[in-house]
>>> print(open('target_7.txt').read())   # compact mmCIF, C-alpha atoms
# COMPACT_ATOMS: atom_id res chain seq x y z
CA MET A 941 -2.60 7.71 18.00
CA PHE A 942 0.71 8.56 16.30
CA LYS A 943 4.00 9.39 17.97
CA VAL A 944 7.34 10.32 16.36
CA LEU A 945 10.04 8.63 18.41
CA LYS A 946 13.17 9.58 16.49
CA GLN A 947 14.09 11.99 13.70
CA ASP A 948 17.11 11.40 11.46
CA LYS A 949 19.60 14.29 11.75
CA LEU A 950 20.54 14.50 8.07
CA THR A 951 17.23 13.69 6.35
CA ARG A 952 13.52 13.97 7.07
CA ALA A 953 13.32 10.26 7.86
CA ARG A 954 11.50 9.53 11.09
CA ARG A 955 10.70 6.55 13.23
CA GLY A 956 7.40 6.34 15.07
CA GLN A 957 4.49 4.30 16.36
CA LEU A 958 0.98 4.19 14.90
CA LYS A 959 -1.68 3.01 17.34
CA THR A 960 -4.75 1.28 15.90
CA ARG A 961 -7.58 -0.57 17.61
CA LYS A 962 -5.88 -3.85 16.64
CA GLY A 963 -2.42 -2.96 17.88
CA VAL A 964 0.58 -0.67 17.54
CA ILE A 965 2.71 -0.68 14.37
CA GLU A 966 6.30 0.55 14.19
CA THR A 967 6.88 3.07 11.39
CA PRO A 968 8.07 3.27 8.67
CA PHE A 969 6.29 0.09 7.56
CA PHE A 970 5.30 -1.79 4.42
CA MET A 971 1.89 -3.43 3.91
CA PRO A 972 1.66 -6.66 1.87
CA ILE A 973 -1.32 -6.65 -0.47
CA ALA A 974 -4.13 -9.03 0.50
CA THR A 975 -6.35 -7.80 -2.34
CA LYS A 976 -9.30 -10.15 -2.01
CA GLY A 977 -8.67 -11.34 1.52
CA GLY A 978 -5.42 -13.19 0.91
CA VAL A 979 -1.86 -12.56 -0.22
CA LYS A 980 -1.46 -14.42 -3.51
CA SER A 981 0.46 -17.71 -3.43
CA ILE A 982 1.02 -17.87 0.35
CA THR A 983 -1.01 -18.77 3.43
CA ILE A 984 -2.00 -16.72 6.45
CA GLU A 985 0.44 -18.87 8.44
CA ASP A 986 3.24 -17.73 6.12
CA ILE A 987 2.16 -14.14 6.70
CA GLU A 988 2.19 -14.65 10.47
CA LYS A 989 5.80 -15.82 10.19
CA LEU A 990 6.72 -12.84 7.99
CA ASN A 991 5.07 -10.65 10.66
CA PRO A 992 4.34 -7.48 8.67
CA GLY A 993 2.15 -6.11 11.48
CA ILE A 994 -0.53 -4.94 9.03
CA LEU A 995 -2.11 -5.99 5.72
CA LEU A 996 -3.86 -4.01 2.98
CA SER A 997 -7.11 -5.24 1.43
CA ASN A 998 -9.13 -3.95 -1.48
CA THR A 999 -12.60 -2.51 -0.92
CA TYR A 1000 -13.53 -2.64 -4.61
CA HIS A 1001 -12.82 -6.35 -5.07
CA LEU A 1002 -14.34 -7.38 -1.72
CA MET A 1003 -17.42 -5.27 -2.45
CA LEU A 1004 -17.99 -7.26 -5.65
CA ARG A 1005 -17.06 -10.67 -4.26
CA PRO A 1006 -17.97 -12.02 -1.76
CA GLY A 1007 -19.82 -8.77 -1.02
CA GLU A 1008 -20.44 -6.40 1.86
CA LYS A 1009 -23.31 -8.39 3.43
CA GLU A 1010 -21.49 -11.70 3.12
CA ILE A 1011 -18.33 -10.38 4.81
CA LYS A 1012 -20.37 -8.86 7.62
CA LYS A 1013 -22.24 -12.14 8.08
CA LEU A 1014 -18.92 -13.98 8.28
CA GLY A 1015 -17.85 -11.75 11.16
CA GLY A 1016 -15.73 -9.30 9.18
CA LEU A 1017 -12.52 -9.70 7.24
CA HIS A 1018 -10.32 -10.39 10.28
CA LYS A 1019 -12.28 -13.51 11.23
CA PHE A 1020 -12.73 -14.51 7.60
CA MET A 1021 -8.94 -14.42 7.04
CA ASN A 1022 -8.01 -15.53 10.56
CA TRP A 1023 -5.86 -12.42 10.90
CA ASP A 1024 -6.06 -10.56 14.23
CA LYS A 1025 -3.76 -7.63 13.43
CA PRO A 1026 -4.57 -4.33 11.69
CA ILE A 1027 -6.01 -4.13 8.16
CA LEU A 1028 -5.97 -1.02 5.99
CA THR A 1029 -8.52 -0.82 3.20
CA ASP A 1030 -8.49 1.52 0.25
CA SER A 1031 -11.69 3.32 -0.67
CA GLY A 1032 -12.35 1.38 -3.86
CA GLY A 1033 -11.77 4.54 -5.88
CA PHE A 1034 -8.52 3.60 -7.60
CA GLN A 1035 -9.90 0.33 -8.96
CA VAL A 1036 -13.08 2.01 -10.16
CA PHE A 1037 -10.98 4.42 -12.19
CA SER A 1038 -8.36 1.95 -13.39
CA LEU A 1039 -10.44 -1.16 -14.13
CA ALA A 1040 -13.91 0.01 -15.12
CA LYS A 1041 -14.46 0.63 -18.82
CA ILE A 1042 -17.41 2.93 -18.28
CA ARG A 1043 -17.74 5.39 -15.41
CA LYS A 1044 -19.51 8.61 -14.60
CA LEU A 1045 -18.36 11.00 -11.89
CA ASN A 1046 -20.26 13.72 -10.06
CA ASN A 1047 -20.50 15.18 -6.55
CA GLU A 1048 -22.62 12.24 -5.42
CA GLY A 1049 -20.00 9.65 -6.33
CA VAL A 1050 -19.22 7.38 -9.25
CA ILE A 1051 -21.30 5.01 -11.37
CA PHE A 1052 -19.28 2.16 -12.86
CA LYS A 1053 -19.54 -1.29 -14.35
CA SER A 1054 -18.06 -4.34 -12.65
CA HIS A 1055 -15.08 -5.92 -14.40
CA LEU A 1056 -16.54 -9.32 -13.41
CA ASP A 1057 -19.97 -9.31 -15.05
CA GLY A 1058 -20.67 -5.81 -16.32
CA ALA A 1059 -23.27 -5.11 -13.63
CA GLU A 1060 -23.72 -1.42 -12.86
CA TYR A 1061 -22.85 -0.08 -9.40
CA LYS A 1062 -23.03 3.29 -7.72
CA LEU A 1063 -20.37 4.14 -5.16
CA THR A 1064 -20.83 7.27 -3.04
CA PRO A 1065 -18.42 8.53 -0.37
CA GLU A 1066 -20.86 7.26 2.25
CA ASP A 1067 -21.06 3.86 0.53
CA SER A 1068 -17.28 3.57 0.56
CA ILE A 1069 -17.04 4.16 4.32
CA ARG A 1070 -20.04 1.93 5.04
CA ILE A 1071 -18.46 -0.96 3.11
CA GLN A 1072 -15.11 -0.47 4.86
CA MET A 1073 -16.93 -0.56 8.18
CA ALA A 1074 -18.66 -3.80 7.19
CA ILE A 1075 -15.29 -5.28 6.23
CA GLY A 1076 -13.95 -4.32 9.66
CA SER A 1077 -11.14 -2.08 8.44
CA ASP A 1078 -8.85 -0.55 11.07
CA ILE A 1079 -7.53 2.20 8.77
CA MET A 1080 -9.99 3.50 6.16
CA MET A 1081 -9.29 5.66 3.15
CA VAL A 1082 -11.61 8.36 1.82
CA LEU A 1083 -13.06 8.06 -1.67
CA ASP A 1084 -10.90 10.05 -4.09
CA GLU A 1085 -10.20 10.45 -7.79
CA CYS A 1086 -6.79 9.23 -8.86
CA VAL A 1087 -5.80 11.01 -12.07
CA GLU A 1088 -3.46 9.39 -14.57
CA LEU A 1089 -0.43 11.52 -15.45
CA PRO A 1090 0.35 13.55 -17.43
CA ALA A 1091 -2.86 15.51 -16.91
CA LYS A 1092 -4.00 19.00 -17.84
CA ARG A 1093 -3.99 21.54 -15.03
CA ASP A 1094 -7.65 22.47 -15.39
CA TYR A 1095 -8.64 18.82 -14.97
CA LEU A 1096 -6.42 18.48 -11.89
CA GLU A 1097 -8.05 21.57 -10.39
CA LYS A 1098 -11.54 20.12 -10.82
CA SER A 1099 -10.36 16.74 -9.57
CA ILE A 1100 -8.99 18.02 -6.25
CA GLU A 1101 -12.21 19.97 -5.67
CA LEU A 1102 -14.16 16.74 -6.13
CA THR A 1103 -11.76 14.76 -3.95
CA SER A 1104 -12.00 17.38 -1.17
CA TYR A 1105 -15.80 17.36 -1.36
CA TRP A 1106 -15.92 13.56 -1.18
CA ALA A 1107 -13.44 13.60 1.71
CA LYS A 1108 -15.78 15.86 3.71
CA GLN A 1109 -18.71 13.50 3.05
CA CYS A 1110 -16.59 10.54 4.15
CA LYS A 1111 -15.55 12.28 7.37
CA GLU A 1112 -19.12 13.22 8.26
CA TYR A 1113 -20.40 9.68 7.68
CA HIS A 1114 -17.46 8.20 9.60
CA GLU A 1115 -18.14 10.47 12.60
CA LYS A 1116 -21.86 9.73 12.52
CA LYS A 1117 -21.67 5.93 12.24
CA SER A 1118 -18.49 5.00 14.11
CA ASN A 1119 -18.34 3.34 17.49
CA LYS A 1120 -16.78 6.15 19.51
CA LYS A 1121 -14.99 3.77 21.88
CA ASN A 1122 -13.55 1.52 19.18
CA LYS A 1123 -13.24 3.75 16.13
CA ALA A 1124 -11.25 2.93 13.01
CA LEU A 1125 -8.80 5.55 11.76
CA LEU A 1126 -9.69 7.59 8.68
CA PHE A 1127 -7.09 8.98 6.26
CA GLY A 1128 -7.47 11.74 3.69
CA ILE A 1129 -5.72 11.49 0.31
CA VAL A 1130 -3.76 14.43 -1.11
CA GLN A 1131 -4.01 14.75 -4.90
CA GLY A 1132 -2.85 17.38 -7.39
CA GLY A 1133 -0.52 15.62 -9.77
CA LEU A 1134 2.91 17.22 -10.11
CA GLU A 1135 1.65 20.76 -9.42
CA LYS A 1136 3.05 21.96 -6.09
CA ASP A 1137 0.39 24.63 -5.55
CA LEU A 1138 -2.42 22.17 -6.26
CA ARG A 1139 -0.88 19.64 -3.89
CA LYS A 1140 -0.80 22.38 -1.26
CA LYS A 1141 -4.43 23.31 -1.88
CA SER A 1142 -5.47 19.67 -1.62
CA ALA A 1143 -3.50 19.23 1.60
CA ASP A 1144 -4.92 22.45 3.08
CA ASP A 1145 -8.48 21.39 2.23
CA LEU A 1146 -8.00 18.01 3.91
CA MET A 1147 -6.31 19.43 7.01
CA ALA A 1148 -9.23 21.85 7.41
CA ILE A 1149 -11.56 18.82 7.50
CA GLY A 1150 -9.21 16.94 9.84
CA PHE A 1151 -8.06 13.33 9.48
CA ASP A 1152 -6.11 10.80 11.50
CA GLY A 1153 -3.48 10.55 8.77
CA TYR A 1154 -2.75 11.78 5.27
CA ALA A 1155 -1.95 9.78 2.16
CA VAL A 1156 -0.14 10.99 -0.93
CA GLY A 1157 -2.05 9.63 -3.92
CA GLY A 1158 -1.75 10.08 -7.65
CA LEU A 1159 1.93 9.15 -7.99
CA ALA A 1160 3.48 6.26 -9.95
CA VAL A 1161 0.61 6.69 -12.41
CA GLY A 1162 2.46 7.68 -15.57
CA GLU A 1163 5.09 10.21 -14.51
CA THR A 1164 8.82 9.51 -14.54
CA GLU A 1165 10.63 8.35 -11.43
CA THR A 1166 12.48 11.69 -11.29
CA GLU A 1167 9.16 13.56 -11.35
CA MET A 1168 7.70 11.32 -8.66
CA LEU A 1169 10.67 11.73 -6.32
CA GLY A 1170 10.67 15.46 -7.01
CA ALA A 1171 7.03 15.69 -5.91
CA LEU A 1172 7.87 13.90 -2.66
CA LYS A 1173 10.47 16.49 -1.71
CA TYR A 1174 7.83 19.05 -0.74
CA VAL A 1175 5.32 16.67 0.90
CA ASP A 1176 7.02 17.22 4.26
CA GLU A 1177 6.32 20.94 3.92
CA LEU A 1178 2.62 20.38 3.20
CA LEU A 1179 1.54 17.87 5.82
CA PRO A 1180 1.42 18.08 9.64
CA LYS A 1181 4.39 16.64 11.49
CA ASP A 1182 2.25 14.91 14.13
CA LYS A 1183 0.25 12.76 11.68
CA PRO A 1184 1.32 9.65 9.74
CA ARG A 1185 2.05 10.04 6.00
CA TYR A 1186 1.21 7.24 3.59
CA LEU A 1187 2.58 7.01 0.04
CA MET A 1188 0.06 4.91 -1.86
CA GLY A 1189 1.15 2.21 -4.32
CA VAL A 1190 4.91 2.89 -4.27
CA GLY A 1191 7.22 1.25 -5.01
CA TYR A 1192 10.60 -0.27 -5.77
CA PRO A 1193 13.00 -0.62 -2.81
CA HIS A 1194 15.17 2.38 -3.73
CA GLN A 1195 12.02 4.51 -4.15
CA ILE A 1196 10.87 3.55 -0.67
CA VAL A 1197 14.24 4.59 0.79
CA GLU A 1198 14.02 7.99 -0.94
CA ALA A 1199 10.43 8.44 0.24
CA VAL A 1200 11.39 7.65 3.84
CA LYS A 1201 14.13 10.27 3.57
CA ASN A 1202 11.38 12.73 2.67
CA GLY A 1203 9.21 11.97 5.70
CA ILE A 1204 6.94 9.13 4.52
CA ASP A 1205 5.86 6.57 7.16
CA MET A 1206 3.66 4.02 5.35
CA PHE A 1207 3.90 2.07 2.10
CA ASP A 1208 2.12 -0.56 0.03
CA CYS A 1209 2.83 -1.98 -3.41
CA VAL A 1210 2.05 -5.02 -5.57
CA ILE A 1211 5.65 -5.18 -6.84
CA PRO A 1212 7.07 -7.89 -4.52
CA THR A 1213 4.15 -10.27 -5.11
CA ARG A 1214 3.46 -9.45 -8.75
CA GLU A 1215 7.08 -9.76 -9.79
CA ALA A 1216 7.33 -13.02 -7.84
CA ARG A 1217 4.75 -14.53 -10.18
CA HIS A 1218 7.06 -13.66 -13.09
CA GLY A 1219 10.14 -15.21 -11.48
CA ARG A 1220 11.87 -12.01 -10.35
CA LEU A 1221 13.78 -12.60 -7.12
CA TYR A 1222 14.87 -9.66 -4.91
CA VAL A 1223 18.33 -10.08 -3.36
CA TRP A 1224 20.54 -7.88 -1.18
CA GLN A 1225 23.82 -6.41 -2.37
CA LYS A 1226 24.39 -4.53 0.91
CA ARG A 1227 22.19 -4.16 3.97
CA THR A 1228 23.61 -1.13 5.75
CA GLY A 1229 23.89 2.62 5.21
CA LEU A 1230 20.69 2.82 3.18
CA LEU A 1231 19.85 6.35 4.31
CA ARG A 1232 23.38 7.69 3.76
CA THR A 1233 24.45 6.54 0.30
CA LYS A 1234 23.10 6.48 -3.24
CA THR A 1235 24.84 3.21 -4.12
CA LYS A 1236 22.73 0.30 -5.29
CA PHE A 1237 21.82 -1.95 -2.37
CA TYR A 1238 19.76 -4.66 -4.08
CA ASP A 1239 19.35 -6.57 -7.30
CA THR A 1240 16.62 -8.52 -9.06
CA ILE A 1241 17.27 -11.93 -10.56
CA ASN A 1242 15.18 -13.52 -13.30
CA VAL A 1243 15.34 -17.08 -11.99
CA LYS A 1244 13.71 -18.41 -15.16
CA ALA A 1245 16.84 -17.53 -17.16
CA GLN A 1246 18.88 -20.34 -18.72
CA LYS A 1247 22.00 -19.39 -16.75
CA PHE A 1248 20.42 -20.71 -13.54
CA GLN A 1249 19.89 -24.22 -14.91
CA PHE A 1250 22.86 -25.58 -12.92
CA ASP A 1251 23.04 -22.94 -10.16
CA LYS A 1252 23.47 -24.75 -6.84
CA LYS A 1253 23.26 -21.62 -4.69
CA PRO A 1254 20.34 -21.57 -2.24
CA ILE A 1255 17.38 -19.36 -3.14
CA ASN A 1256 18.17 -17.29 -0.04
CA LYS A 1257 20.79 -18.56 2.39
CA ASP A 1258 19.80 -16.01 5.06
CA SER A 1259 16.03 -16.56 4.98
CA GLN A 1260 13.99 -17.54 8.02
CA PHE A 1261 12.16 -19.99 5.74
CA LEU A 1262 13.77 -23.42 5.61
CA GLU A 1263 12.62 -24.08 2.03
CA LEU A 1264 14.38 -20.92 0.79
CA ARG A 1265 17.62 -21.99 2.49
CA ASN A 1266 17.42 -25.63 1.36
CA HIS A 1267 16.29 -25.37 -2.27
CA THR A 1268 18.64 -24.26 -5.03
CA ARG A 1269 18.05 -21.66 -7.70
CA ALA A 1270 18.38 -24.44 -10.29
CA TYR A 1271 15.47 -26.26 -8.62
CA LEU A 1272 13.45 -23.03 -8.48
CA ARG A 1273 14.05 -22.49 -12.20
CA GLN A 1274 12.86 -26.03 -12.90
CA LEU A 1275 9.64 -25.34 -10.99
CA PHE A 1276 8.97 -22.29 -13.16
CA VAL A 1277 9.79 -24.21 -16.37
CA ASN A 1278 7.22 -26.84 -15.35
CA GLU A 1279 4.70 -24.15 -14.36
CA ASP A 1280 4.59 -25.52 -10.82
CA GLN A 1281 2.81 -23.03 -8.52
CA THR A 1282 5.27 -23.88 -5.75
CA ALA A 1283 7.71 -21.61 -7.58
CA GLN A 1284 5.44 -18.59 -7.13
CA ARG A 1285 5.07 -19.34 -3.43
CA LEU A 1286 8.84 -19.54 -2.87
CA VAL A 1287 9.62 -16.28 -4.68
CA THR A 1288 6.68 -14.50 -3.00
CA LEU A 1289 8.05 -15.50 0.42
CA ASN A 1290 11.51 -14.29 -0.58
CA ASN A 1291 10.34 -10.94 -1.97
CA LEU A 1292 8.04 -10.07 0.92
CA GLU A 1293 10.75 -11.04 3.37
CA PHE A 1294 13.13 -8.73 1.47
CA TYR A 1295 10.70 -5.78 1.66
CA LEU A 1296 9.95 -6.32 5.35
CA ASP A 1297 13.68 -6.68 6.14
CA LEU A 1298 14.22 -3.44 4.22
CA MET A 1299 11.79 -1.65 6.55
CA LYS A 1300 13.45 -3.19 9.63
CA GLN A 1301 16.83 -1.95 8.42
CA ILE A 1302 15.45 1.54 7.77
CA ARG A 1303 13.90 1.68 11.25
CA SER A 1304 17.17 0.48 12.77
CA GLU A 1305 19.20 3.15 10.96
CA ILE A 1306 16.86 5.93 12.08
CA LYS A 1307 17.05 4.66 15.65
>>> encode(input="target_7.txt", output="structure tokens")
Amino acid sequence: MFKVLKQDKLTRARRGQLKTRKGVIETPFFMPIATKGGVKSITIEDIEKLNPGILLSNTYHLMLRPGEKEIKKLGGLHKFMNWDKPILTDSGGFQVFSLAKIRKLNNEGVIFKSHLDGAEYKLTPEDSIRIQMAIGSDIMMVLDECVELPAKRDYLEKSIELTSYWAKQCKEYHEKKSNKKNKALLFGIVQGGLEKDLRKKSADDLMAIGFDGYAVGGLAVGETETEMLGALKYVDELLPKDKPRYLMGVGYPHQIVEAVKNGIDMFDCVIPTREARHGRLYVWQKRTGLLRTKTKFYDTINVKAQKFQFDKKPINKDSQFLELRNHTRAYLRQLFVNEDQTAQRLVTLNNLEFYLDLMKQIRSEIK
């Protein structure tokens, strides 16, 4: 299912292959966010051209709308989106904890109110896996509690106990209900905040249950960047070498490089698409030696700034997309000034292309 092909000699960076029922993905890789079944501002044809190899969708949002039964009736998310490559789905847990105003947690699961209409829902570990199965997910995540940092130690201790218990329920349901010949992968999620011993306990609990891969959750949720990167330095010690490692929700390009150097294989983040909607354009300063130097290799440009009013440079002269090579930054600024949604599409294409090129460069350097 997962094979390490090459290990960097000076860091813990590694190149590998992750086999799913919908195809093999080269690691390390980045997953664009198709929250509700689509990547905001661009089409599935654009995504095919970007060729990320895998997308991430959101169980919580799809559960609420269009709904589990509707997606199943439509033939699953792959057919609904017209996407025939792998899809990873989160458990729905993070959105329950971050969006819901009222929630109650216990061993059975969580009771929460929808952010759409206030309707009350109950989500158990079994429900989470059942919904991900109905969606047609190829890589499923267990239900977990993501704790905002800073957090008190006693709360973190209780939280990892709950997360481990839910993980066991998820695994049992997954084993019971899965098609043995065409089974989706199931990942556990290591929690524990910034406490090394609690991270180790969480990892040990999950490895005792046994999962296809292991995610590092509960980072980039209130701690400093230094604290986050510090926590990543001992992840390699905690997790098995023969399983993929997934850092959830992180991050900026330089953070991804540092995480790869500490043995992380999989990434997702809203940054490239969210910042595109605010006119922030990611551009290269240098494309080589990313794993060997600490020098800045990229920049972000606020294309809505006045200084770009007469800028005749192309949006991205090296892009595979003709419109990014042909249109100027002055024109892009004008689109934003006029609130033309074309602007969001162009910057989204640029930023996702940047992130995916970043991963290609990292894989090339490890090779």
>>> closest_residue(input="target_7.txt", among="A:Ile1196, A:Leu1221, A:Leu1262, A:Leu1138", to="Ala953 of chain A", atoms="all atoms listed in the file")
A:Ile1196
>>> residues_around(input="target_7.txt", residues="Ala974 of chain A", least_positions_apart="6", cutoff="10 Å", atoms="only C-alpha atoms", output="mmCIF file with C-alpha atoms, in the frame of the given file")
data_model
loop_
_atom_site.group_PDB
_atom_site.id
_atom_site.type_symbol
_atom_site.label_atom_id
_atom_site.label_comp_id
_atom_site.auth_asym_id
_atom_site.auth_seq_id
_atom_site.Cartn_x
_atom_site.Cartn_y
_atom_site.Cartn_z
ATOM 1 C CA LYS A 980 -1.460 -14.420 -3.510
ATOM 2 C CA ILE A 984 -2.000 -16.720 6.450
ATOM 3 C CA LEU A 995 -2.110 -5.990 5.720
ATOM 4 C CA LEU A 996 -3.860 -4.010 2.980
ATOM 5 C CA SER A 997 -7.110 -5.240 1.430
ATOM 6 C CA ASN A 998 -9.130 -3.950 -1.480
ATOM 7 C CA MET A 1021 -8.940 -14.420 7.040
ATOM 8 C CA ILE A 1027 -6.010 -4.130 8.160
ATOM 9 C CA LEU A 1028 -5.970 -1.020 5.990
ATOM 10 C CA THR A 1029 -8.520 -0.820 3.200
ATOM 11 C CA VAL A 1210 2.050 -5.020 -5.570
#
>>> closest_residue(input="target_7.txt", among="A:Asp1144, A:Glu1163, A:Glu1279, A:Glu1115", to="Val1087 of chain A", atoms="only C-alpha atoms")
A:Glu1163
>>> atom_distance(input="target_7.txt", atom1="atom CA of Gly956 of chain A", atom2="atom CA of Glu1198 of chain A")
17.4 Å
>>> closest_residue(input="target_7.txt", among="A:Asp1030, A:Glu966, A:Asp1280, A:Glu1305", to="Gly1219 of chain A", atoms="only C-alpha atoms")
A:Asp1280
>>> atom_distance(input="target_7.txt", atom1="atom CA of Glu1060 of chain A", atom2="atom CA of Ile1042 of chain A")
9.4 Å
>>> closest_residue(input="target_7.txt", among="A:Ala1270, A:Val1156, A:Val1197, A:Ile1075", to="Lys1019 of chain A", atoms="only C-alpha atoms")
A:Ile1075
>>> residues_around(input="target_7.txt", residues="Ile1149 of chain A", least_positions_apart="3", cutoff="7 Å", atoms="only C-alpha atoms", output="ChimeraX atom specification")
/A:1108,1145-1146
>>> residues_near_point(input="target_7.txt", point="(13.9, -4.0, 0.8)", cutoff="9 Å", atoms="only C-alpha atoms", output="list in words")
Tyr1192, Pro1193, His1194, Ile1196, Val1197, Tyr1222, Val1223, Trp1224, Arg1227, Phe1237, Tyr1238, Asn1291, Leu1292, Glu1293, Phe1294, Tyr1295, Leu1296, Asp1297, Leu1298, Met1299, Lys1300 and Gln1301 of chain A
>>> residues_around(input="target_7.txt", residues="Arg1285 of chain A", least_positions_apart="5", cutoff="12 Å", atoms="only C-alpha atoms", output="list in words")
Val979, Lys980, Ser981, Ile982, Thr983, Asp986, Ile987, Pro1212, Thr1213, Arg1214, Glu1215, Ala1216, Arg1217, His1218, Gly1219, Leu1221, Phe1261, Glu1263, Leu1264, Leu1272, Leu1275, Phe1276, Glu1279, Asp1280, Asn1290, Asn1291 and Leu1292 of chain A
>>> residues_near_point(input="target_7.txt", point="(-9.8, 7.1, 7.1)", cutoff="10 Å", atoms="all atoms listed in the file", output="PDB file with C-alpha atoms, in the coordinates of the input")
ATOM      1  CA  LEU A1028      -5.970  -1.020   5.990  1.00  0.00           C
ATOM      2  CA  THR A1029      -8.520  -0.820   3.200  1.00  0.00           C
ATOM      3  CA  ASP A1030      -8.490   1.520   0.250  1.00  0.00           C
ATOM      4  CA  SER A1031     -11.690   3.320  -0.670  1.00  0.00           C
ATOM      5  CA  ILE A1069     -17.040   4.160   4.320  1.00  0.00           C
ATOM      6  CA  GLN A1072     -15.110  -0.470   4.860  1.00  0.00           C
ATOM      7  CA  SER A1077     -11.140  -2.080   8.440  1.00  0.00           C
ATOM      8  CA  ASP A1078      -8.850  -0.550  11.070  1.00  0.00           C
ATOM      9  CA  ILE A1079      -7.530   2.200   8.770  1.00  0.00           C
ATOM     10  CA  MET A1080      -9.990   3.500   6.160  1.00  0.00           C
ATOM     11  CA  MET A1081      -9.290   5.660   3.150  1.00  0.00           C
ATOM     12  CA  VAL A1082     -11.610   8.360   1.820  1.00  0.00           C
ATOM     13  CA  LEU A1083     -13.060   8.060  -1.670  1.00  0.00           C
ATOM     14  CA  ALA A1107     -13.440  13.600   1.710  1.00  0.00           C
ATOM     15  CA  CYS A1110     -16.590  10.540   4.150  1.00  0.00           C
ATOM     16  CA  LYS A1111     -15.550  12.280   7.370  1.00  0.00           C
ATOM     17  CA  HIS A1114     -17.460   8.200   9.600  1.00  0.00           C
ATOM     18  CA  ALA A1124     -11.250   2.930  13.010  1.00  0.00           C
ATOM     19  CA  LEU A1125      -8.800   5.550  11.760  1.00  0.00           C
ATOM     20  CA  LEU A1126      -9.690   7.590   8.680  1.00  0.00           C
ATOM     21  CA  PHE A1127      -7.090   8.980   6.260  1.00  0.00           C
ATOM     22  CA  GLY A1128      -7.470  11.740   3.690  1.00  0.00           C
ATOM     23  CA  ILE A1129      -5.720  11.490   0.310  1.00  0.00           C
ATOM     24  CA  PHE A1151      -8.060  13.330   9.480  1.00  0.00           C
ATOM     25  CA  ASP A1152      -6.110  10.800  11.500  1.00  0.00           C
ATOM     26  CA  GLY A1153      -3.480  10.550   8.770  1.00  0.00           C
ATOM     27  CA  TYR A1154      -2.750  11.780   5.270  1.00  0.00           C
ATOM     28  CA  ALA A1155      -1.950   9.780   2.160  1.00  0.00           C
TER      29      ALA A1155
END
>>> atom_distance(input="target_7.txt", atom1="atom CA of Leu1178 of chain A", atom2="atom CA of Ala1143 of chain A")
6.4 Å
>>> residues_around(input="target_7.txt", residues="segment 958-965 of chain A", least_positions_apart="2", cutoff="8 Å", atoms="all atoms listed in the file", output="PyMOL selection string")
chain A and resi 941-943+956+967+969+993-994+1024-1026+1078-1079+1122-1125+1184
